[in-house]
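Trainee: Just so it is clear, I am handing over my_file.txt, which has compact mmCIF, C-alpha atoms.
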# COMPACT_ATOMS: atom_id res chain seq x y z
CA MET A 94 -11.65 1.30 75.11
CA HIS A 95 -10.46 0.86 71.52
CA THR A 96 -8.97 3.99 69.96
CA ILE A 97 -8.96 4.64 66.23
CA TYR A 98 -6.85 7.42 64.76
CA LYS A 99 -8.19 9.12 61.68
CA PHE A 100 -5.86 11.04 59.37
CA GLU A 101 -7.78 13.61 57.35
CA CYS A 102 -5.48 14.52 54.50
CA PHE A 103 -6.07 17.54 52.28
CA LYS A 104 -3.75 17.34 49.27
CA SER A 105 -1.33 15.24 51.27
CA PHE A 106 -2.10 11.52 50.64
CA ASN A 107 0.30 10.26 48.00
CA VAL A 108 0.19 6.81 46.35
CA THR A 109 3.17 5.71 44.25
CA ASP A 110 3.17 2.59 42.06
CA ILE A 111 6.49 1.36 40.71
CA TYR A 112 6.72 -0.90 37.66
CA LYS A 113 9.94 -2.60 36.54
CA ASN A 114 11.04 -4.72 33.60
CA ASP A 115 13.80 -7.35 33.40
CA GLN A 116 16.31 -4.64 32.41
CA ASP A 117 15.69 -2.79 35.75
CA ASP A 118 14.00 0.07 33.92
CA GLU A 119 11.32 1.75 36.02
CA ILE A 120 8.07 3.56 35.50
CA VAL A 121 6.89 5.46 38.59
CA ILE A 122 3.26 6.57 38.72
CA THR A 123 2.44 9.02 41.52
CA ASN A 124 -1.09 10.07 42.47
CA LEU A 125 -1.85 12.83 44.96
CA TRP A 126 -5.45 12.81 46.19
CA THR A 127 -7.44 15.99 46.88
CA TYR A 128 -8.84 14.52 50.08
CA ALA A 129 -8.35 11.22 51.88
CA THR A 130 -9.41 9.79 55.20
CA LEU A 131 -7.20 7.04 56.64
CA GLU A 132 -8.01 5.08 59.79
CA TYR A 133 -5.48 3.25 61.97
CA ASN A 134 -5.69 1.37 65.25
CA GLU A 135 -3.63 2.87 68.05
CA ASP A 136 -1.25 -0.08 68.04
CA GLU A 137 -0.51 0.26 64.30
CA LEU A 138 0.11 3.97 63.79
CA PRO A 139 2.53 5.11 61.07
CA GLU A 140 5.68 6.81 62.34
CA LYS A 141 6.03 10.53 61.80
CA GLU A 142 9.43 11.64 60.46
CA ASP A 143 11.29 14.71 61.75
CA ASN A 144 10.13 16.76 58.75
CA GLY A 145 6.43 16.09 59.55
CA ASN A 146 5.87 13.55 56.77
CA TYR A 147 4.92 9.87 57.01
CA TYR A 148 6.88 7.90 54.40
CA ASP A 149 6.18 4.43 53.03
CA ILE A 150 3.33 3.85 55.46
CA PHE A 151 1.40 0.61 55.50
CA LEU A 152 -2.08 0.43 54.08
CA PRO A 153 -4.58 1.75 56.62
CA GLU A 154 -7.30 -0.40 58.15
CA ALA A 155 -9.85 1.71 56.29
CA PHE A 156 -9.51 4.56 53.84
CA ASP A 157 -11.53 6.67 51.47
CA CYS A 158 -10.21 8.96 48.74
CA SER A 159 -11.95 11.71 46.81
CA ASP A 160 -10.93 13.08 43.42
CA LEU A 161 -7.40 12.85 42.12
CA PHE A 162 -5.60 16.18 42.60
CA VAL A 163 -2.57 15.51 40.43
CA SER A 164 -0.97 12.52 38.73
CA ASN A 165 2.58 12.22 37.48
CA VAL A 166 4.54 9.59 35.56
CA ASP A 167 8.34 9.40 35.71
CA TYR A 168 10.36 7.20 33.37
CA PHE A 169 13.73 5.69 34.23
CA ILE A 170 14.34 3.82 30.97
CA GLU A 171 17.81 3.52 29.39
CA ASP A 172 16.69 2.43 25.90
CA ASN A 173 15.48 5.56 24.03
CA LYS A 174 13.38 3.52 21.60
CA LEU A 175 11.52 1.83 24.48
CA LEU A 176 11.24 5.16 26.33
CA ASN A 177 9.60 6.83 23.32
CA LYS A 178 7.25 3.87 22.80
CA ILE A 179 6.13 3.73 26.45
CA SER A 180 5.83 7.49 27.00
CA ALA A 181 3.64 7.74 23.87
CA LEU A 182 1.14 5.42 25.59
CA GLU A 183 0.74 7.61 28.70
CA ASP A 184 -2.48 9.38 27.71
CA GLN A 185 -4.31 6.19 26.77
CA ASP A 186 -7.06 4.78 28.99
CA LYS A 187 -5.46 1.42 29.69
CA PHE A 188 -1.93 2.70 30.36
CA ILE A 189 -1.21 0.06 33.03
CA ASP A 190 -2.31 -2.78 30.74
CA LEU A 191 -0.19 -1.35 27.94
CA ILE A 192 3.00 -1.05 29.99
CA GLN A 193 2.49 -4.57 31.32
CA ALA A 194 2.09 -5.81 27.74
CA ASN A 195 5.49 -4.20 27.09
CA GLY A 196 7.29 -6.19 29.79
CA PHE A 197 6.78 -4.06 32.90
CA GLU A 198 5.43 -5.68 36.07
CA HIS A 199 4.16 -4.09 39.25
CA PHE A 200 7.07 -3.99 41.72
CA GLU A 201 5.66 -2.13 44.74
CA THR A 202 3.17 0.44 46.00
CA GLN A 203 4.19 3.12 48.48
CA TYR A 204 1.76 5.15 50.56
CA ASP A 205 2.93 8.48 51.98
CA ILE A 206 1.27 11.29 53.92
CA LEU A 207 3.05 14.50 52.99
CA ASP A 208 2.81 17.62 55.15
CA SER A 209 4.57 19.77 52.61
CA GLY A 210 2.64 23.01 52.90
CA GLU A 211 0.53 22.01 49.89
CA GLY A 212 -1.96 20.31 52.15
CA SER A 213 -2.72 19.48 55.71
CA ILE A 214 -3.07 16.50 58.03
CA VAL A 215 -5.52 16.39 60.90
CA VAL A 216 -5.31 13.48 63.31
CA VAL A 217 -8.61 12.82 65.10
CA GLU A 218 -8.99 10.34 67.94
CA VAL A 219 -12.30 8.49 67.52
Could you express the structure from this file as structure tokens?
Mentor:
Amino acid sequence: MHTIYKFECFKSFNVTDIYKNDQDDEIVITNLWTYATLEYNEDELPEKEDNGNYYDIFLPEAFDCSDLFVSNVDYFIEDNKLLNKISALEDQDKFIDLIQANGFEHFETQYDILDSGEGSIVVVEV
């Protein structure tokens, strides 16, 4: 029998994309999804931390996300002129293209399941 574990996440699936330039400045874009279903094989389950969260998990075998609940952009840029230029672009449709045109490249994506009281996680064995 092959077991699949399904994480049903209500306001708890968090995706963080980190962009860096050659000066080690960072732009961190965090998206929290209203609802997400993540499926893992039993031999590849993410590890639960002591606080109930699953940090920096690997991409699930299958997943589906609903509407975006909240999105946040954090800037860690030393040069104030560059910071003002980049932060002014935030509300534009092609924000990712614009920051890449300004020297930032995708560095990594982190996937987290957060059981922070804001949402809930249900693990179903299928």
Trainee: I want to know what sits within 10 Å of A:Phe106, based on all atoms listed in the file, with residues of the same chain fewer than 2 positions away left out; could you give that as a list in words?
Mentor: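 Final neighbour list, sorted by chain and number: Phe100, Glu101, Cys102, Phe103, Lys104, Val108, Asn124, Leu125, Trp126, Thr127, Tyr128, Ala129, Thr130, Leu131, Tyr147, Cys158, Phe162, Tyr204, Asp205, Ile206, Leu207, Asp208, Gly212, Ser213 and Ile214 of chain A.
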Trainee: Restricting the output to C-alpha atoms, write the selected residues as a PDB file, in the coordinates of the input.
Mentor:
ATOM      1  CA  PHE A 100      -5.860  11.040  59.370  1.00  0.00           C
ATOM      2  CA  GLU A 101      -7.780  13.610  57.350  1.00  0.00           C
ATOM      3  CA  CYS A 102      -5.480  14.520  54.500  1.00  0.00           C
ATOM      4  CA  PHE A 103      -6.070  17.540  52.280  1.00  0.00           C
ATOM      5  CA  LYS A 104      -3.750  17.340  49.270  1.00  0.00           C
ATOM      6  CA  VAL A 108       0.190   6.810  46.350  1.00  0.00           C
ATOM      7  CA  ASN A 124      -1.090  10.070  42.470  1.00  0.00           C
ATOM      8  CA  LEU A 125      -1.850  12.830  44.960  1.00  0.00           C
ATOM      9  CA  TRP A 126      -5.450  12.810  46.190  1.00  0.00           C
ATOM     10  CA  THR A 127      -7.440  15.990  46.880  1.00  0.00           C
ATOM     11  CA  TYR A 128      -8.840  14.520  50.080  1.00  0.00           C
ATOM     12  CA  ALA A 129      -8.350  11.220  51.880  1.00  0.00           C
ATOM     13  CA  THR A 130      -9.410   9.790  55.200  1.00  0.00           C
ATOM     14  CA  LEU A 131      -7.200   7.040  56.640  1.00  0.00           C
ATOM     15  CA  TYR A 147       4.920   9.870  57.010  1.00  0.00           C
ATOM     16  CA  CYS A 158     -10.210   8.960  48.740  1.00  0.00           C
ATOM     17  CA  PHE A 162      -5.600  16.180  42.600  1.00  0.00           C
ATOM     18  CA  TYR A 204       1.760   5.150  50.560  1.00  0.00           C
ATOM     19  CA  ASP A 205       2.930   8.480  51.980  1.00  0.00           C
ATOM     20  CA  ILE A 206       1.270  11.290  53.920  1.00  0.00           C
ATOM     21  CA  LEU A 207       3.050  14.500  52.990  1.00  0.00           C
ATOM     22  CA  ASP A 208       2.810  17.620  55.150  1.00  0.00           C
ATOM     23  CA  GLY A 212      -1.960  20.310  52.150  1.00  0.00           C
ATOM     24  CA  SER A 213      -2.720  19.480  55.710  1.00  0.00           C
ATOM     25  CA  ILE A 214      -3.070  16.500  58.030  1.00  0.00           C
TER      26      ILE A 214
END
Trainee: Could you please determine the separation between atom CA of A:Val121 and atom CA of A:Glu140 in Å, to one decimal place?
Mentor: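 We find that atom CA of A:Val121 and atom CA of A:Glu140 lie 23.8 Å from each other.
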Trainee: Have a look at atom CA of A:Val166 and atom CA of A:Asp184 and let me know their distance in Å, one decimal.
Mentor: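 So the answer is 10.5 Å.
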Trainee: So which residues touch A:Glu132 within 6 Å, counting all atoms listed in the file, skipping near sequence neighbours fewer than 6 positions away, as number ranges by chain?
Mentor: A: 98-99, 153-155
Trainee: Which residue out of A:Thr123, A:Asn107, A:Asn114, A:Thr202 has the minimum interatomic distance to A:Leu175 when all atoms listed in the file are used?
Mentor: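 Checking each candidate against A:Leu175, we get A:Asn114 as the closest.
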Trainee: Using all atoms listed in the file, pick whichever of A:Ile122, A:Thr109, A:Glu137, A:Ile97 has the shortest atom-to-atom distance to A:Ile189.
Mentor: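 The answer is A:Ile122, which sits nearest to A:Ile189.
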Trainee: From the options A:Lys141, A:Lys113, A:Lys178, A:Lys187, which residue's atoms come nearest to A:Glu201, counting only C-alpha atoms?
Mentor: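 Result for the nearest residue to A:Glu201: A:Lys113.
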Trainee: I'd like the interatomic distance between atom CA of A:Ala194 and atom CA of A:Tyr112, to a tenth of an Å.
Mentor: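 Distance between the two atoms: 12.0 Å.
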Trainee: Which residue out of A:Asp110, A:Glu171, A:Glu135, A:Asp149 has the minimum interatomic distance to A:Phe200 when all atoms listed in the file are used?
Mentor: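 That would be A:Asp110, the residue with the smallest distance to A:Phe200.
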Trainee: For A:Ser180, which residue among A:Thr96, A:Asn134, A:Asn144, A:Asn165 is the nearest when counting all atoms listed in the file?
Mentor: A:Asn165
Trainee: Nearest to A:Phe156 among A:Tyr133, A:Ile120, A:Glu198, A:Phe188, with distances taken over all atoms listed in the file: which residue is it?
Mentor: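 Checking each candidate against A:Phe156, we get A:Tyr133 as the closest.
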Trainee: Would you kindly place N, CA, C and O atoms on stretch 148-167 of chain A and return the model as an mmCIF file, in the coordinates of the input?
Mentor:
data_model
loop_
_atom_site.group_PDB
_atom_site.id
_atom_site.type_symbol
_atom_site.label_atom_id
_atom_site.label_comp_id
_atom_site.auth_asym_id
_atom_site.auth_seq_id
_atom_site.Cartn_x
_atom_site.Cartn_y
_atom_site.Cartn_z
ATOM 1 N N TYR A 148 6.427 8.530 55.633
ATOM 2 C CA TYR A 148 6.880 7.900 54.400
ATOM 3 C C TYR A 148 6.651 6.400 54.415
ATOM 4 O O TYR A 148 6.836 5.746 55.433
ATOM 5 N N ASP A 149 6.316 5.874 53.255
ATOM 6 C CA ASP A 149 6.180 4.430 53.030
ATOM 7 C C ASP A 149 5.374 3.781 54.158
ATOM 8 O O ASP A 149 5.783 2.811 54.765
ATOM 9 N N ILE A 150 4.209 4.372 54.416
ATOM 10 C CA ILE A 150 3.330 3.850 55.460
ATOM 11 C C ILE A 150 2.643 2.585 54.967
ATOM 12 O O ILE A 150 2.570 2.327 53.765
ATOM 13 N N PHE A 151 2.142 1.799 55.875
ATOM 14 C CA PHE A 151 1.400 0.610 55.500
ATOM 15 C C PHE A 151 -0.040 1.006 55.201
ATOM 16 O O PHE A 151 -0.508 2.062 55.621
ATOM 17 N N LEU A 152 -0.697 0.163 54.467
ATOM 18 C CA LEU A 152 -2.080 0.430 54.080
ATOM 19 C C LEU A 152 -2.944 0.537 55.320
ATOM 20 O O LEU A 152 -2.870 -0.299 56.209
ATOM 21 N N PRO A 153 -3.747 1.583 55.430
ATOM 22 C CA PRO A 153 -4.580 1.750 56.620
ATOM 23 C C PRO A 153 -5.673 0.683 56.717
ATOM 24 O O PRO A 153 -6.001 0.029 55.738
ATOM 25 N N GLU A 154 -6.224 0.554 57.921
ATOM 26 C CA GLU A 154 -7.300 -0.400 58.150
ATOM 27 C C GLU A 154 -8.519 -0.053 57.297
ATOM 28 O O GLU A 154 -9.209 -0.923 56.793
ATOM 29 N N ALA A 155 -8.767 1.227 57.149
ATOM 30 C CA ALA A 155 -9.850 1.710 56.290
ATOM 31 C C ALA A 155 -9.416 3.029 55.672
ATOM 32 O O ALA A 155 -8.699 3.803 56.301
ATOM 33 N N PHE A 156 -9.803 3.259 54.433
ATOM 34 C CA PHE A 156 -9.510 4.560 53.840
ATOM 35 C C PHE A 156 -10.500 4.881 52.738
ATOM 36 O O PHE A 156 -11.145 4.005 52.173
ATOM 37 N N ASP A 157 -10.628 6.169 52.486
ATOM 38 C CA ASP A 157 -11.530 6.670 51.470
ATOM 39 C C ASP A 157 -10.855 7.854 50.801
ATOM 40 O O ASP A 157 -10.312 8.722 51.484
ATOM 41 N N CYS A 158 -10.848 7.874 49.480
ATOM 42 C CA CYS A 158 -10.210 8.960 48.740
ATOM 43 C C CYS A 158 -11.237 9.661 47.864
ATOM 44 O O CYS A 158 -12.136 9.026 47.322
ATOM 45 N N SER A 159 -11.079 10.960 47.716
ATOM 46 C CA SER A 159 -11.950 11.710 46.810
ATOM 47 C C SER A 159 -11.283 11.801 45.445
ATOM 48 O O SER A 159 -10.535 10.921 45.058
ATOM 49 N N ASP A 160 -11.480 12.896 44.767
ATOM 50 C CA ASP A 160 -10.930 13.080 43.420
ATOM 51 C C ASP A 160 -9.408 13.165 43.436
ATOM 52 O O ASP A 160 -8.798 13.624 44.394
ATOM 53 N N LEU A 161 -8.843 12.751 42.328
ATOM 54 C CA LEU A 161 -7.400 12.850 42.120
ATOM 55 C C LEU A 161 -7.034 14.320 41.945
ATOM 56 O O LEU A 161 -7.643 15.030 41.154
ATOM 57 N N PHE A 162 -6.044 14.786 42.696
ATOM 58 C CA PHE A 162 -5.600 16.180 42.600
ATOM 59 C C PHE A 162 -4.587 16.328 41.473
ATOM 60 O O PHE A 162 -4.701 17.188 40.624
ATOM 61 N N VAL A 163 -3.581 15.462 41.483
ATOM 62 C CA VAL A 163 -2.570 15.510 40.430
ATOM 63 C C VAL A 163 -1.967 14.110 40.265
ATOM 64 O O VAL A 163 -1.860 13.352 41.224
ATOM 65 N N SER A 164 -1.604 13.794 39.035
ATOM 66 C CA SER A 164 -0.970 12.520 38.730
ATOM 67 C C SER A 164 0.293 12.797 37.930
ATOM 68 O O SER A 164 0.326 13.718 37.104
ATOM 69 N N ASN A 165 1.322 12.008 38.176
ATOM 70 C CA ASN A 165 2.580 12.220 37.480
ATOM 71 C C ASN A 165 3.199 10.863 37.125
ATOM 72 O O ASN A 165 3.102 9.916 37.901
ATOM 73 N N VAL A 166 3.835 10.799 35.967
ATOM 74 C CA VAL A 166 4.540 9.590 35.560
ATOM 75 C C VAL A 166 5.989 9.952 35.281
ATOM 76 O O VAL A 166 6.278 10.886 34.534
ATOM 77 N N ASP A 167 6.904 9.225 35.940
ATOM 78 C CA ASP A 167 8.340 9.400 35.710
ATOM 79 C C ASP A 167 8.887 8.133 35.075
ATOM 80 O O ASP A 167 8.526 7.023 35.475
#
